[in-house]
Amino acid sequence: MLDRISLILVIIGALNWLLVGLFQFDAVAWICGGQTAVLSRIIYAIVGVAGLWSISLLFREREPVRED
């Protein structure tokens with residue numbers, strides 16, 4: 001469950017960076033009142049922690065899918 005939540009947060013962060021790259025529009029800052037607002041910084045930190053957690057997904061062994 002934690003893996004899925006992390007992946008969702010990383011995707012949200014990636015979409016935000018896509019908006020910044022294409023349109024110079026930071027959705028998190030817009031919603032939360034600027035890049036330096038406390039809520040924005042909390043969201044940026046949570047997405048960053050989710051990104052760090054997602055690194056572990058690269059190095060985990062996957063269980064084979066069983067076909068019944």
# chains A, B, ... in the order shown; residues from 1 in each chain; ligands from 1
$ select_by_dssp --residues "chain A" --states "alpha helix (DSSP H)" --output "number ranges by chain"
A: 2-23, 27-32, 38-58
$ write_last_selection --atoms "C-alpha atoms" --output "PDB file, in the first residue's frame"
ATOM      1  CA  LEU A   2       2.838   2.389   0.855  1.00  0.00           C
ATOM      2  CA  ASP A   3       4.402   1.676  -2.536  1.00  0.00           C
ATOM      3  CA  ARG A   4       1.227   2.722  -4.351  1.00  0.00           C
ATOM      4  CA  ILE A   5       0.826   5.893  -2.300  1.00  0.00           C
ATOM      5  CA  SER A   6       4.455   6.795  -3.012  1.00  0.00           C
ATOM      6  CA  LEU A   7       4.002   6.144  -6.700  1.00  0.00           C
ATOM      7  CA  ILE A   8       0.882   8.333  -6.817  1.00  0.00           C
ATOM      8  CA  LEU A   9       2.720  11.172  -5.057  1.00  0.00           C
ATOM      9  CA  VAL A  10       5.696  10.857  -7.403  1.00  0.00           C
ATOM     10  CA  ILE A  11       3.354  11.024 -10.404  1.00  0.00           C
ATOM     11  CA  ILE A  12       1.694  14.138  -8.971  1.00  0.00           C
ATOM     12  CA  GLY A  13       5.131  15.691  -8.486  1.00  0.00           C
ATOM     13  CA  ALA A  14       6.123  14.788 -12.036  1.00  0.00           C
ATOM     14  CA  LEU A  15       2.962  16.365 -13.424  1.00  0.00           C
ATOM     15  CA  ASN A  16       3.666  19.513 -11.428  1.00  0.00           C
ATOM     16  CA  TRP A  17       7.187  19.648 -12.907  1.00  0.00           C
ATOM     17  CA  LEU A  18       5.696  19.140 -16.369  1.00  0.00           C
ATOM     18  CA  LEU A  19       3.533  22.212 -15.799  1.00  0.00           C
ATOM     19  CA  VAL A  20       6.559  24.182 -14.593  1.00  0.00           C
ATOM     20  CA  GLY A  21       8.610  23.106 -17.610  1.00  0.00           C
ATOM     21  CA  LEU A  22       5.984  23.762 -20.251  1.00  0.00           C
ATOM     22  CA  PHE A  23       4.034  26.688 -18.877  1.00  0.00           C
ATOM     23  CA  ALA A  27       0.298  24.144  -9.402  1.00  0.00           C
ATOM     24  CA  VAL A  28       1.332  23.360  -5.816  1.00  0.00           C
ATOM     25  CA  ALA A  29       2.428  26.948  -5.216  1.00  0.00           C
ATOM     26  CA  TRP A  30      -0.723  28.257  -6.874  1.00  0.00           C
ATOM     27  CA  ILE A  31      -3.002  26.093  -4.728  1.00  0.00           C
ATOM     28  CA  CYS A  32      -1.121  26.700  -1.474  1.00  0.00           C
ATOM     29  CA  VAL A  38       4.284  26.389   4.842  1.00  0.00           C
ATOM     30  CA  LEU A  39       1.707  24.129   3.180  1.00  0.00           C
ATOM     31  CA  SER A  40       3.615  24.189  -0.116  1.00  0.00           C
ATOM     32  CA  ARG A  41       6.844  23.268   1.621  1.00  0.00           C
ATOM     33  CA  ILE A  42       5.114  20.394   3.410  1.00  0.00           C
ATOM     34  CA  ILE A  43       3.723  19.074   0.122  1.00  0.00           C
ATOM     35  CA  TYR A  44       7.118  19.401  -1.579  1.00  0.00           C
ATOM     36  CA  ALA A  45       8.723  17.497   1.323  1.00  0.00           C
ATOM     37  CA  ILE A  46       6.108  14.710   1.237  1.00  0.00           C
ATOM     38  CA  VAL A  47       6.551  14.283  -2.523  1.00  0.00           C
ATOM     39  CA  GLY A  48      10.335  14.249  -2.030  1.00  0.00           C
ATOM     40  CA  VAL A  49      10.104  11.535   0.637  1.00  0.00           C
ATOM     41  CA  ALA A  50       7.824   9.565  -1.690  1.00  0.00           C
ATOM     42  CA  GLY A  51      10.475   9.886  -4.390  1.00  0.00           C
ATOM     43  CA  LEU A  52      13.137   8.572  -2.044  1.00  0.00           C
ATOM     44  CA  TRP A  53      10.889   5.657  -1.082  1.00  0.00           C
ATOM     45  CA  SER A  54      10.268   4.923  -4.767  1.00  0.00           C
ATOM     46  CA  ILE A  55      13.996   4.450  -5.331  1.00  0.00           C
ATOM     47  CA  SER A  56      13.696   1.263  -3.287  1.00  0.00           C
ATOM     48  CA  LEU A  57      11.232  -0.092  -5.858  1.00  0.00           C
ATOM     49  CA  LEU A  58      14.090  -0.327  -8.358  1.00  0.00           C
TER      50      LEU A  58
END
